[in-house]
file final-v2.cif (mmCIF, C-alpha atoms and all ligand atoms)
data_run
loop_
_atom_site.label_atom_id
_atom_site.label_comp_id
_atom_site.auth_asym_id
_atom_site.auth_seq_id
_atom_site.Cartn_x
_atom_site.Cartn_y
_atom_site.Cartn_z
CA MET A 88 -46.20 52.37 36.89
CA LYS A 89 -45.15 55.03 39.40
CA TYR A 90 -41.64 53.64 39.77
CA GLN A 91 -41.77 53.84 43.54
CA ASP A 92 -44.61 52.00 45.27
CA GLU A 93 -44.04 48.84 43.24
CA PHE A 94 -40.52 48.60 44.63
CA ARG A 95 -41.62 49.11 48.24
CA ASP A 96 -43.86 46.07 48.41
CA ARG A 97 -43.31 44.41 51.79
CA GLN A 98 -44.19 40.94 50.60
CA LEU A 99 -41.72 41.21 47.77
CA VAL A 100 -38.98 42.34 50.14
CA THR A 101 -39.74 39.40 52.46
CA ILE A 102 -39.40 36.90 49.60
CA MET A 103 -36.10 38.46 48.65
CA ALA A 104 -34.87 38.34 52.25
CA ASP A 105 -35.57 34.57 52.25
CA ASN A 106 -33.66 34.24 48.99
CA ILE A 107 -30.71 36.08 50.44
CA ARG A 108 -30.72 33.94 53.57
CA ARG A 109 -30.65 30.75 51.49
CA MET A 110 -27.90 32.05 49.25
CA ALA A 111 -25.84 33.14 52.25
CA GLU A 112 -25.82 29.57 53.57
CA HIS A 113 -23.46 28.74 50.71
CA LEU A 114 -20.92 31.42 51.65
CA LYS A 115 -17.56 30.09 52.76
CA GLN A 116 -16.82 33.26 54.70
CA PRO A 117 -18.77 36.35 55.74
CA VAL A 118 -19.11 39.13 53.16
CA LYS A 119 -19.05 42.88 53.58
CA PHE A 120 -20.73 45.08 51.00
CA MET A 121 -20.35 48.85 50.93
CA GLU A 122 -22.78 51.47 49.69
CA VAL A 123 -21.29 54.78 48.58
CA CYS A 124 -24.41 56.83 48.17
CA GLY A 125 -26.16 58.82 50.87
CA THR A 126 -29.56 57.88 49.59
CA HIS A 127 -28.71 54.19 49.92
CA THR A 128 -27.53 54.84 53.47
CA MET A 129 -30.87 56.46 54.24
CA ALA A 130 -32.91 53.74 52.58
CA ILE A 131 -30.99 50.98 54.36
CA TYR A 132 -31.70 52.53 57.77
CA GLN A 133 -35.22 53.64 56.93
CA TYR A 134 -36.38 50.22 55.78
CA GLY A 135 -34.38 48.29 58.36
CA ILE A 136 -32.57 46.35 55.61
CA ARG A 137 -29.78 45.22 57.97
CA SER A 138 -32.27 43.46 60.22
CA LEU A 139 -33.43 41.38 57.21
CA LEU A 140 -29.95 40.08 56.43
CA PRO A 141 -28.21 37.03 57.90
CA ASP A 142 -25.17 37.61 60.15
CA ASN A 143 -22.70 36.68 57.43
CA VAL A 144 -23.89 39.45 55.10
CA GLN A 145 -22.76 42.81 56.44
CA LEU A 146 -23.51 46.25 55.00
CA VAL A 147 -21.22 49.21 55.66
CA SER A 148 -21.61 52.84 54.62
CA GLY A 149 -18.88 54.64 52.73
CA PRO A 150 -18.18 58.22 51.64
CA GLY A 151 -21.52 58.68 49.87
CA CYS A 152 -22.75 61.92 51.38
CA PRO A 153 -21.29 64.89 49.49
CA VAL A 154 -21.82 67.32 52.34
CA CYS A 155 -20.11 64.92 54.76
CA VAL A 156 -16.97 64.46 52.67
CA THR A 157 -16.55 68.22 52.21
CA PRO A 158 -13.58 69.27 54.37
CA VAL A 159 -13.83 71.90 57.10
CA GLY A 160 -11.47 74.18 55.16
CA TYR A 161 -14.11 74.55 52.45
CA LEU A 162 -16.77 75.41 55.01
CA ASP A 163 -14.46 78.07 56.41
CA GLN A 164 -14.15 79.62 52.96
CA ALA A 165 -17.91 79.61 52.57
CA LEU A 166 -18.27 81.27 55.98
CA ALA A 167 -15.71 83.93 55.00
CA CYS A 168 -17.76 84.66 51.86
CA ALA A 169 -20.92 84.92 53.96
CA ARG A 170 -19.30 87.42 56.35
CA ASP A 171 -18.56 89.79 53.45
CA SER A 172 -21.63 91.98 53.04
CA ALA A 173 -20.93 92.38 49.31
CA ASN A 174 -21.96 88.72 48.86
CA ILE A 175 -25.14 86.74 48.82
CA VAL A 176 -24.26 83.11 49.55
CA ALA A 177 -26.61 80.73 47.77
CA THR A 178 -26.57 77.08 48.77
CA PHE A 179 -28.44 73.79 48.89
CA GLY A 180 -30.18 73.53 52.24
CA ASP A 181 -28.12 70.75 53.74
CA MET A 182 -24.97 72.89 53.96
CA LEU A 183 -26.57 75.31 56.39
CA ARG A 184 -25.84 73.60 59.68
CA VAL A 185 -22.53 71.95 58.87
CA PRO A 186 -20.05 73.16 61.48
CA GLY A 187 -17.02 75.05 60.19
CA SER A 188 -14.06 75.86 62.44
CA SER A 189 -15.86 78.60 64.33
CA SER A 190 -19.48 78.75 63.20
CA SER A 191 -21.94 77.54 60.60
CA LEU A 192 -23.79 79.28 57.76
CA MET A 193 -26.88 79.21 59.93
CA GLU A 194 -25.10 81.10 62.71
CA GLU A 195 -23.70 83.59 60.22
CA ARG A 196 -27.17 84.14 58.87
CA ALA A 197 -28.47 84.80 62.39
CA ARG A 198 -25.73 87.44 62.67
CA GLY A 199 -26.98 89.15 59.53
CA ALA A 200 -25.21 87.39 56.66
CA ASP A 201 -27.25 87.03 53.48
CA VAL A 202 -27.43 83.25 53.02
CA ARG A 203 -30.16 81.87 50.78
CA ILE A 204 -31.27 78.33 50.18
CA VAL A 205 -31.96 77.44 46.58
CA TYR A 206 -33.41 74.29 45.08
CA SER A 207 -31.73 74.60 41.70
CA PRO A 208 -28.44 76.33 40.84
CA LEU A 209 -30.43 78.17 38.16
CA ASP A 210 -32.31 79.91 40.99
CA ALA A 211 -28.95 81.28 42.13
CA VAL A 212 -28.35 82.66 38.63
CA THR A 213 -31.76 84.36 38.78
CA LEU A 214 -30.76 85.81 42.14
CA ALA A 215 -27.65 87.29 40.54
CA GLN A 216 -29.78 88.78 37.77
CA GLU A 217 -32.10 90.36 40.31
CA HIS A 218 -29.27 91.80 42.41
CA PRO A 219 -26.78 93.31 39.96
CA GLU A 220 -25.23 95.40 42.74
CA ARG A 221 -24.30 92.33 44.81
CA ARG A 222 -22.29 89.19 44.09
CA VAL A 223 -23.90 85.76 44.36
CA VAL A 224 -21.54 83.04 45.57
CA PHE A 225 -22.99 79.59 44.95
CA LEU A 226 -21.64 76.72 47.05
CA GLY A 227 -20.89 74.05 44.47
CA VAL A 228 -20.80 70.79 46.39
CA GLY A 229 -21.77 67.33 45.21
CA PHE A 230 -20.82 64.39 43.03
CA GLU A 231 -21.32 63.77 39.31
CA THR A 232 -25.08 64.07 39.79
CA THR A 233 -24.89 67.68 40.92
CA ALA A 234 -21.82 68.92 39.06
CA PRO A 235 -23.56 69.02 35.63
CA ALA A 236 -26.33 71.16 37.15
CA ILE A 237 -23.76 73.61 38.51
CA ALA A 238 -21.96 73.55 35.16
CA ALA A 239 -25.24 74.41 33.43
CA SER A 240 -25.71 77.34 35.79
CA ILE A 241 -22.26 78.71 34.90
CA LEU A 242 -23.01 78.39 31.19
CA GLU A 243 -26.33 80.12 31.74
CA ALA A 244 -24.65 82.98 33.66
CA ALA A 245 -22.12 83.29 30.82
CA ARG A 246 -24.92 83.39 28.25
CA LEU A 247 -26.64 86.15 30.22
CA GLY A 248 -23.34 88.03 30.49
CA LEU A 249 -23.55 88.11 34.29
CA LYS A 250 -20.48 89.41 36.09
CA ASN A 251 -21.79 88.84 39.59
CA TYR A 252 -22.24 85.06 39.68
CA VAL A 253 -19.41 82.91 41.02
CA VAL A 254 -19.19 79.33 42.21
CA LEU A 255 -17.12 78.16 45.16
CA ALA A 256 -16.54 74.70 43.77
CA SER A 257 -15.72 71.60 45.77
CA HIS A 258 -17.09 68.85 43.58
CA LYS A 259 -15.92 65.30 43.99
CA THR A 260 -16.03 62.37 41.62
CA MET A 261 -16.98 58.92 42.64
CA PRO A 262 -14.91 56.04 41.37
CA VAL A 263 -11.60 57.36 42.84
CA PRO A 264 -12.35 56.88 46.57
CA MET A 265 -13.78 53.44 45.79
CA GLU A 266 -10.33 52.40 44.56
CA ILE A 267 -8.71 53.55 47.78
CA LEU A 268 -11.27 51.72 49.90
CA THR A 269 -11.10 48.53 47.84
CA ALA A 270 -7.35 48.43 48.31
CA ASP A 271 -7.66 48.84 52.10
CA PRO A 272 -6.93 45.43 53.69
CA ASP A 273 -8.55 46.47 57.00
CA LEU A 274 -11.86 46.95 55.25
CA ALA A 275 -11.68 43.81 53.10
CA LEU A 276 -14.76 44.67 51.05
CA SER A 277 -16.50 41.96 49.06
CA GLY A 278 -18.56 44.17 46.77
CA TYR A 279 -20.19 47.53 46.10
CA LEU A 280 -23.74 48.68 45.86
CA CYS A 281 -22.77 51.39 43.37
CA PRO A 282 -24.58 54.72 43.57
CA ALA A 283 -27.82 55.08 41.64
CA HIS A 284 -28.13 58.66 40.51
CA VAL A 285 -24.41 59.32 40.14
CA SER A 286 -24.52 56.39 37.72
CA THR A 287 -27.33 57.91 35.64
CA VAL A 288 -24.62 60.38 34.62
CA ILE A 289 -21.38 58.34 34.59
CA GLY A 290 -22.98 55.06 33.50
CA GLY A 291 -22.27 51.51 34.58
CA LYS A 292 -19.05 51.51 32.56
CA ALA A 293 -17.40 53.85 35.10
CA TYR A 294 -16.95 50.92 37.50
CA GLN A 295 -15.36 48.55 34.97
CA PRO A 296 -11.78 49.63 35.85
CA LEU A 297 -12.52 48.76 39.49
CA VAL A 298 -13.62 45.27 38.49
CA ASP A 299 -10.65 44.85 36.14
CA LYS A 300 -8.13 45.99 38.72
CA PHE A 301 -9.48 44.41 41.91
CA GLY A 302 -11.96 41.79 40.77
CA ILE A 303 -14.53 43.30 43.10
CA PRO A 304 -18.24 42.81 42.28
CA CYS A 305 -20.06 46.06 41.47
CA VAL A 306 -23.84 46.36 41.19
CA VAL A 307 -25.45 49.70 40.33
CA THR A 308 -28.47 49.62 42.59
CA GLY A 309 -31.68 51.65 42.95
CA PHE A 310 -32.99 53.24 46.13
CA GLU A 311 -36.16 51.43 46.96
CA PRO A 312 -36.04 48.55 49.45
CA ALA A 313 -36.64 45.87 46.79
CA ASP A 314 -33.87 47.44 44.68
CA VAL A 315 -31.39 47.26 47.55
CA MET A 316 -32.37 43.64 48.25
CA GLN A 317 -31.91 42.72 44.59
CA GLY A 318 -28.57 44.53 44.56
CA ILE A 319 -27.49 42.33 47.46
CA GLU A 320 -28.78 39.19 45.70
CA LEU A 321 -26.78 40.05 42.59
CA LEU A 322 -23.64 40.72 44.64
CA LEU A 323 -24.06 37.40 46.45
CA THR A 324 -24.50 35.58 43.16
CA GLN A 325 -21.24 37.08 41.92
CA VAL A 326 -19.40 36.18 45.13
CA LEU A 327 -20.73 32.61 45.09
CA SER A 328 -19.90 32.07 41.44
CA GLY A 329 -16.43 33.56 41.91
CA LYS A 330 -16.96 35.85 38.92
CA SER A 331 -17.02 39.61 39.22
CA SER A 332 -18.51 42.14 36.84
CA VAL A 333 -20.42 45.39 36.69
CA GLU A 334 -24.14 44.71 36.76
CA ILE A 335 -26.92 47.25 36.59
CA GLN A 336 -29.84 46.41 38.84
CA TYR A 337 -31.31 49.91 38.43
CA ARG A 338 -31.88 49.43 34.71
CA ARG A 339 -34.97 51.60 34.62
CA ALA A 340 -32.79 54.69 35.14
CA VAL A 341 -29.15 53.75 34.49
CA THR A 342 -27.51 52.64 31.26
CA TRP A 343 -24.00 51.41 30.55
CA GLU A 344 -23.19 54.71 28.83
CA GLY A 345 -24.84 57.03 31.34
CA ASN A 346 -25.88 60.50 30.26
CA PRO A 347 -23.37 61.78 27.67
CA LYS A 348 -25.03 65.19 27.40
CA ALA A 349 -24.73 65.84 31.14
CA ARG A 350 -21.11 64.67 31.02
CA ARG A 351 -20.35 66.93 28.07
CA ILE A 352 -21.69 69.97 29.90
CA LEU A 353 -19.75 68.94 33.00
CA GLU A 354 -16.55 68.61 30.98
CA LEU A 355 -17.10 71.91 29.24
CA VAL A 356 -16.95 73.70 32.58
CA PHE A 357 -14.85 71.50 34.86
CA GLU A 358 -11.54 69.68 34.68
CA PRO A 359 -10.24 67.01 37.06
CA CYS A 360 -8.20 68.17 40.05
CA ASP A 361 -6.86 66.75 43.30
CA ALA A 362 -9.30 67.04 46.16
CA VAL A 363 -9.37 66.63 49.91
CA TRP A 364 -12.03 64.33 51.30
CA ARG A 365 -12.96 64.34 54.95
CA GLY A 366 -11.76 61.02 56.32
CA LEU A 367 -9.85 60.00 53.21
CA GLY A 368 -7.46 62.95 52.80
CA LEU A 369 -6.04 64.21 49.52
CA LEU A 370 -7.00 61.96 46.60
CA PRO A 371 -5.39 62.71 43.22
CA GLY A 372 -7.82 63.38 40.39
CA SER A 373 -10.89 63.01 42.60
CA GLY A 374 -12.27 66.53 42.31
CA LEU A 375 -13.49 69.01 39.73
CA ALA A 376 -12.09 72.52 39.22
CA ILE A 377 -13.58 75.23 37.03
CA ARG A 378 -11.61 75.49 33.77
CA PRO A 379 -9.27 78.51 33.45
CA ALA A 380 -11.29 79.85 30.49
CA LEU A 381 -14.21 80.32 32.90
CA ALA A 382 -12.09 81.72 35.75
CA SER A 383 -14.36 84.77 36.05
CA PHE A 384 -17.03 82.42 37.47
CA ASP A 385 -14.61 80.75 39.89
CA ALA A 386 -14.87 82.15 43.42
CA GLN A 387 -11.36 80.85 44.18
CA GLN A 388 -9.96 83.02 41.37
CA VAL A 389 -12.16 86.08 41.70
CA LEU A 390 -12.28 86.51 45.48
CA THR A 391 -9.52 86.70 48.03
CA ILE A 392 -10.83 84.39 50.68
CA ALA A 393 -8.81 84.55 53.88
CA VAL A 394 -9.34 81.80 56.39
CA ALA A 395 -7.58 80.95 59.63
CA GLU A 396 -6.27 77.49 60.39
CA GLU A 397 -9.07 74.97 60.34
CA HIS A 398 -10.35 73.32 63.44
CA GLU A 399 -12.44 70.19 63.66
CA ASN A 400 -14.00 68.74 66.76
CA PRO A 401 -11.39 66.12 67.67
CA ALA A 402 -13.94 63.83 69.29
CA CYS A 403 -15.99 63.48 66.09
CA ARG A 404 -15.43 60.15 64.34
CA CYS A 405 -16.92 61.18 60.99
CA GLY A 406 -13.64 60.45 59.22
CA GLU A 407 -13.69 56.78 60.28
CA ILE A 408 -17.40 56.50 59.61
CA LEU A 409 -16.95 57.77 56.04
CA LYS A 410 -14.41 55.00 55.45
CA GLY A 411 -16.81 52.34 56.70
CA LYS A 412 -14.52 51.52 59.61
CA LEU A 413 -16.87 52.64 62.36
CA ALA A 414 -20.63 52.73 62.67
CA PRO A 415 -22.38 55.73 64.29
CA PHE A 416 -23.08 53.64 67.37
CA ASP A 417 -19.33 53.28 67.86
CA CYS A 418 -19.01 57.04 68.43
CA PRO A 419 -19.36 57.86 72.14
CA LEU A 420 -21.00 61.19 71.30
CA PHE A 421 -23.68 59.66 69.09
CA ALA A 422 -27.20 60.61 70.23
CA THR A 423 -25.88 61.87 73.55
CA VAL A 424 -23.87 65.01 72.86
CA CYS A 425 -24.29 64.95 69.09
CA THR A 426 -27.83 65.08 67.69
CA PRO A 427 -29.39 66.51 64.53
CA GLU A 428 -30.45 69.57 66.56
CA ALA A 429 -26.91 70.14 67.85
CA PRO A 430 -24.64 68.33 65.38
CA LEU A 431 -20.92 68.11 66.07
CA GLY A 432 -19.96 66.65 62.74
CA ALA A 433 -21.11 66.74 59.15
CA CYS A 434 -22.31 63.12 59.25
CA MET A 435 -25.02 64.20 61.69
CA VAL A 436 -26.07 67.26 59.71
CA SER A 437 -26.91 66.16 56.23
CA SER A 438 -30.06 64.08 55.96
CA GLU A 439 -27.97 61.61 53.95
CA GLY A 440 -25.24 61.43 56.56
CA THR A 441 -24.73 58.05 58.19
CA CYS A 442 -25.05 59.42 61.75
CA SER A 443 -28.20 61.32 60.87
CA ALA A 444 -29.80 58.29 59.19
CA ALA A 445 -28.88 56.08 62.15
CA TYR A 446 -30.30 58.66 64.57
CA LYS A 447 -33.53 59.10 62.69
CA TYR A 448 -34.31 55.48 61.98
CA GLY A 449 -32.55 53.73 64.87
CA ARG A 450 -30.76 50.46 64.39
CA MET B 51 -28.87 66.93 48.34
CA CYS B 52 -28.32 63.84 46.26
CA LEU B 53 -32.01 63.09 46.56
CA GLY B 54 -33.45 62.56 43.15
CA VAL B 55 -36.99 61.37 42.67
CA PRO B 56 -38.98 59.89 39.79
CA MET B 57 -41.46 62.56 38.70
CA LYS B 58 -44.08 62.60 35.99
CA ILE B 59 -43.89 65.30 33.34
CA ILE B 60 -47.17 67.18 33.30
CA SER B 61 -46.30 70.16 31.14
CA ARG B 62 -43.51 71.33 28.91
CA ASN B 63 -42.40 74.61 27.45
CA GLY B 64 -39.20 74.19 25.43
CA ASP B 65 -36.51 73.02 27.82
CA GLU B 66 -38.63 73.78 30.87
CA ILE B 67 -40.92 71.17 32.34
CA VAL B 68 -43.23 70.91 35.30
CA ALA B 69 -43.09 67.51 36.93
CA GLU B 70 -45.16 66.02 39.69
CA ILE B 71 -44.91 63.40 42.38
CA ASP B 72 -47.60 62.72 44.98
CA GLY B 73 -49.26 66.03 44.22
CA VAL B 74 -46.03 68.02 44.65
CA ARG B 75 -45.07 70.00 41.55
CA LYS B 76 -41.63 71.18 40.62
CA GLU B 77 -40.12 73.00 37.72
CA ALA B 78 -37.14 71.37 36.11
CA SER B 79 -34.86 71.91 33.17
CA LEU B 80 -34.23 69.45 30.34
CA MET B 81 -30.88 71.07 29.54
CA LEU B 82 -28.90 68.04 30.76
CA LEU B 83 -31.03 65.36 29.14
CA GLY B 84 -30.02 64.04 25.74
CA GLU B 85 -33.04 61.87 25.03
CA GLU B 86 -36.47 63.06 23.94
CA VAL B 87 -39.24 63.08 26.51
CA ALA B 88 -43.00 63.45 26.24
CA LEU B 89 -45.80 64.41 28.59
CA GLY B 90 -46.56 61.51 30.92
CA ASP B 91 -42.98 60.23 30.93
CA TYR B 92 -41.21 59.86 34.22
CA VAL B 93 -37.82 61.46 34.77
CA ILE B 94 -35.39 61.57 37.68
CA VAL B 95 -35.26 65.17 38.82
CA HIS B 96 -32.17 66.26 40.71
CA ALA B 97 -31.42 69.83 41.84
CA GLY B 98 -33.82 71.28 39.29
CA PHE B 99 -32.65 69.21 36.31
CA ALA B 100 -34.02 66.07 34.73
CA ILE B 101 -31.01 63.75 34.54
CA SER B 102 -32.55 60.50 33.34
CA ARG B 103 -35.75 59.24 31.75
CA LEU B 104 -37.24 56.14 33.33
CA ASN B 105 -37.71 53.11 31.14
CA GLU B 106 -40.98 51.30 31.81
CA GLU B 107 -40.02 48.11 30.03
CA TYR B 108 -36.93 47.68 32.18
CA ALA B 109 -38.85 48.58 35.32
CA LEU B 110 -41.36 45.79 34.66
CA GLU B 111 -38.58 43.37 33.83
CA THR B 112 -36.79 44.20 37.08
CA LEU B 113 -39.98 43.64 39.05
CA ALA B 114 -40.53 40.28 37.37
CA LEU B 115 -36.99 39.19 38.26
CA MET B 116 -37.51 40.29 41.84
CA LYS B 117 -40.47 37.98 42.18
CA GLU B 118 -38.46 34.97 41.11
CA ILE B 119 -37.58 32.73 43.96
CA TYR B 120 -34.01 31.65 44.16
CA SER B 121 -33.39 28.03 43.30
CA PRO B 122 -30.24 26.15 44.28
CA GLU B 123 -29.49 25.57 40.58
CA ASP B 124 -28.80 29.29 40.28
CA MET B 125 -25.66 28.66 42.25
CA GLN B 126 -24.26 25.98 39.99
S1 LIG C 1 -22.21 61.02 66.08
FE1 LIG C 1 -21.63 63.18 65.76
S2 LIG C 1 -19.64 63.36 66.70
FE2 LIG C 1 -20.00 61.17 66.39
S3 LIG C 1 -19.14 60.74 64.39
FE3 LIG C 1 -21.26 61.21 64.03
S4 LIG C 1 -21.27 63.38 63.57
FE4 LIG C 1 -19.29 62.97 64.52
#

call {"tool": "encode", "arguments": {"input": "final-v2.cif", "output": "structure tokens", "more": "lines below"}}
Ligand code: SF4
result
Amino acid sequence: MKYQDEFRDRQLVTIMADNIRRMAEHLKQPVKFMEVCGTHTMAIYQYGIRSLLPDNVQLVSGPGCPVCVTPVGYLDQALACARDSANIVATFGDMLRVPGSSSSLMEERARGADVRIVYSPLDAVTLAQEHPERRVVFLGVGFETTAPAIAASILEAARLGLKNYVVLASHKTMPVPMEILTADPDLALSGYLCPAHVSTVIGGKAYQPLVDKFGIPCVVTGFEPADVMQGIELLLTQVLSGKSSVEIQYRRAVTWEGNPKARRILELVFEPCDAVWRGLGLLPGSGLAIRPALASFDAQQVLTIAVAEEHENPACRCGEILKGKLAPFDCPLFATVCTPEAPLGACMVSSEGTCSAAYKYGR
Amino acid sequence: MCLGVPMKIISRNGDEIVAEIDGVRKEASLMLLGEEVALGDYVIVHAGFAISRLNEEYALETLALMKEIYSPEDMQ
């Protein structure tokens, strides 16, 4: 068992596609399922899942790419930190090319800023240890999958007594935007392929309130093509039976309870706050702020970060794409003016962005 | 960034492990994982941390269910 190849079997996926087609014949009206996880978006494009589905089963992408939902104002703060030669900015690689109002981290680096890509937030702590004369600013972006890792890095820096490690935090939490989107009558969603790795932490139970409140089917689904197909089968079964619940398709990695230890570490360091999402605006209680007791690790508290008014390319339709209201192909700039080499919006930058996935893997 | 992959634990030193997938090795921390793991187990590694241990029994069960062909009775 390698947990990957077995779930990529073409023959298996074909059988499941037939199943789905037969089930869909019983649908009284077309259904629209949303995935809210960048890795699902990628898998769906990469394996051409849409082309295997009948016309009355539609998949739309939601706000599942953490880099994409990060507002321009945050980028501008990160750029301001990078321009200060006292700082080393440490970040996950996919933030590098995201356009801020006037430049990107990549451009700042070309102009001499010290911007380093790290794989683990613990590497950023090591960097701070190695450079006691400088300050390391880590760009804390991501959902409940990443936030515990950042929290662990703050605890580690505290344990080491480091005074030169700070986090510019812009973490977001998942179930909140799903509520907003479920309530949107224009979208009229029929079910969710709930995120896989976010759910390893928050557990299947995190979606129960959504089911209770809106009666919308929720299936926590894995990333391999056969997983996605089974997720769709389970959603269809719920729709056809008229009963909605939280189901876990990705049982090999996700439990109902999730990962309590990761959550405990997250909660030790962060508390809920209101947060701005690109496309969705300000959502109450949808973000994570560093607790006041740990303010000395909070870049927002420690640094004075001055930024000018933010500016976003007005032609970019990322905001609508993140709500599932437009597909990349609906954007007139897609693949003509806007490409992964010269991205105009965040959705084209991150490898998990919907525009980037659509560009890379075509229809 | 949200990419997490199933990797096999090939060595362990306290809370530090080395895990491997397709010949690629990565160090990861067990700091966020509550459950016990052993060499040879697979874990999901995300941003340098193991966040979940994969359950073989459930994986096999899932595969078996996938192979089942839908029958109209399922819809009753
Ligand atoms: S194709 Fe480019 S400009 Fe259009 S929505 Fe996507 S990122 Fe924005």

call {"tool": "closest_atom_pairs", "arguments": {"input": "final-v2.cif", "of": "range 70-123 of chain B", "to": "range 322-341 of chain A", "cutoff": "8 Å", "atoms": "all atoms listed in the file", "output": "CSV"}}
result
residue,atom,partner,partner_atom,distance
B:Ile94,CA,A:Ala340,CA,7.8
B:Ser102,CA,A:Ala340,CA,6.1
B:Arg103,CA,A:Ala340,CA,6.4
B:Leu104,CA,A:Ala340,CA,5.0
B:Asn105,CA,A:Arg339,CA,4.7
B:Glu106,CA,A:Arg339,CA,6.6
B:Glu107,CA,A:Arg339,CA,7.7
B:Tyr108,CA,A:Arg339,CA,5.0
B:Ala109,CA,A:Arg339,CA,5.0
B:Thr112,CA,A:Gln336,CA,7.5

call {"tool": "residues_near_ligand", "arguments": {"input": "final-v2.cif", "ligand": "ligand LIG 1 (chain C)", "cutoff": "8 Å", "atoms": "only C-alpha atoms and all ligand atoms", "output": "list of chain:residue names"}}
result
A:Asn400, A:Ala402, A:Cys403, A:Arg404, A:Cys405, A:Gly406, A:Glu407, A:Ile408, A:Pro415, A:Phe416, A:Cys418, A:Pro419, A:Leu420, A:Phe421, A:Ala422, A:Val424, A:Cys425, A:Thr426, A:Pro430, A:Leu431, A:Gly432, A:Ala433, A:Cys434, A:Met435, A:Val436, A:Thr441, A:Cys442, A:Ser443

call {"tool": "residues_around", "arguments": {"input": "final-v2.cif", "residues": "Val315 in chain A", "least_positions_apart": "2", "cutoff": "12 Å", "atoms": "only C-alpha atoms", "output": "number ranges by chain"}}
result
A: 94-95, 99-100, 103-104, 107, 120-122, 124, 126-137, 139-140, 146, 279-283, 306-313, 317-322, 335-337; B: 116

call {"tool": "closest_residue", "arguments": {"input": "final-v2.cif", "among": "A:Asp299, A:Asp273, A:Asp361, A:Glu243", "to": "Phe384 in chain A", "atoms": "only C-alpha atoms"}}
result
A:Glu243

call {"tool": "residues_around", "arguments": {"input": "final-v2.cif", "residues": "Val176 in chain A", "least_positions_apart": "5", "cutoff": "9 Å", "atoms": "all atoms listed in the file", "output": "short mmCIF file (atom, residue, chain, number, x, y, z; two decimals) with C-alpha atoms, keeping the file's coordinate frame"}}
result
data_model
loop_
_atom_site.label_atom_id
_atom_site.label_comp_id
_atom_site.auth_asym_id
_atom_site.auth_seq_id
_atom_site.Cartn_x
_atom_site.Cartn_y
_atom_site.Cartn_z
CA ALA A 165 -17.91 79.61 52.57
CA LEU A 166 -18.27 81.27 55.98
CA CYS A 168 -17.76 84.66 51.86
CA ALA A 169 -20.92 84.92 53.96
CA ALA A 200 -25.21 87.39 56.66
CA ASP A 201 -27.25 87.03 53.48
CA VAL A 202 -27.43 83.25 53.02
CA ARG A 203 -30.16 81.87 50.78
CA ILE A 204 -31.27 78.33 50.18
CA ALA A 211 -28.95 81.28 42.13
CA ARG A 222 -22.29 89.19 44.09
CA VAL A 223 -23.90 85.76 44.36
CA VAL A 224 -21.54 83.04 45.57
CA PHE A 225 -22.99 79.59 44.95
CA LEU A 226 -21.64 76.72 47.05
#
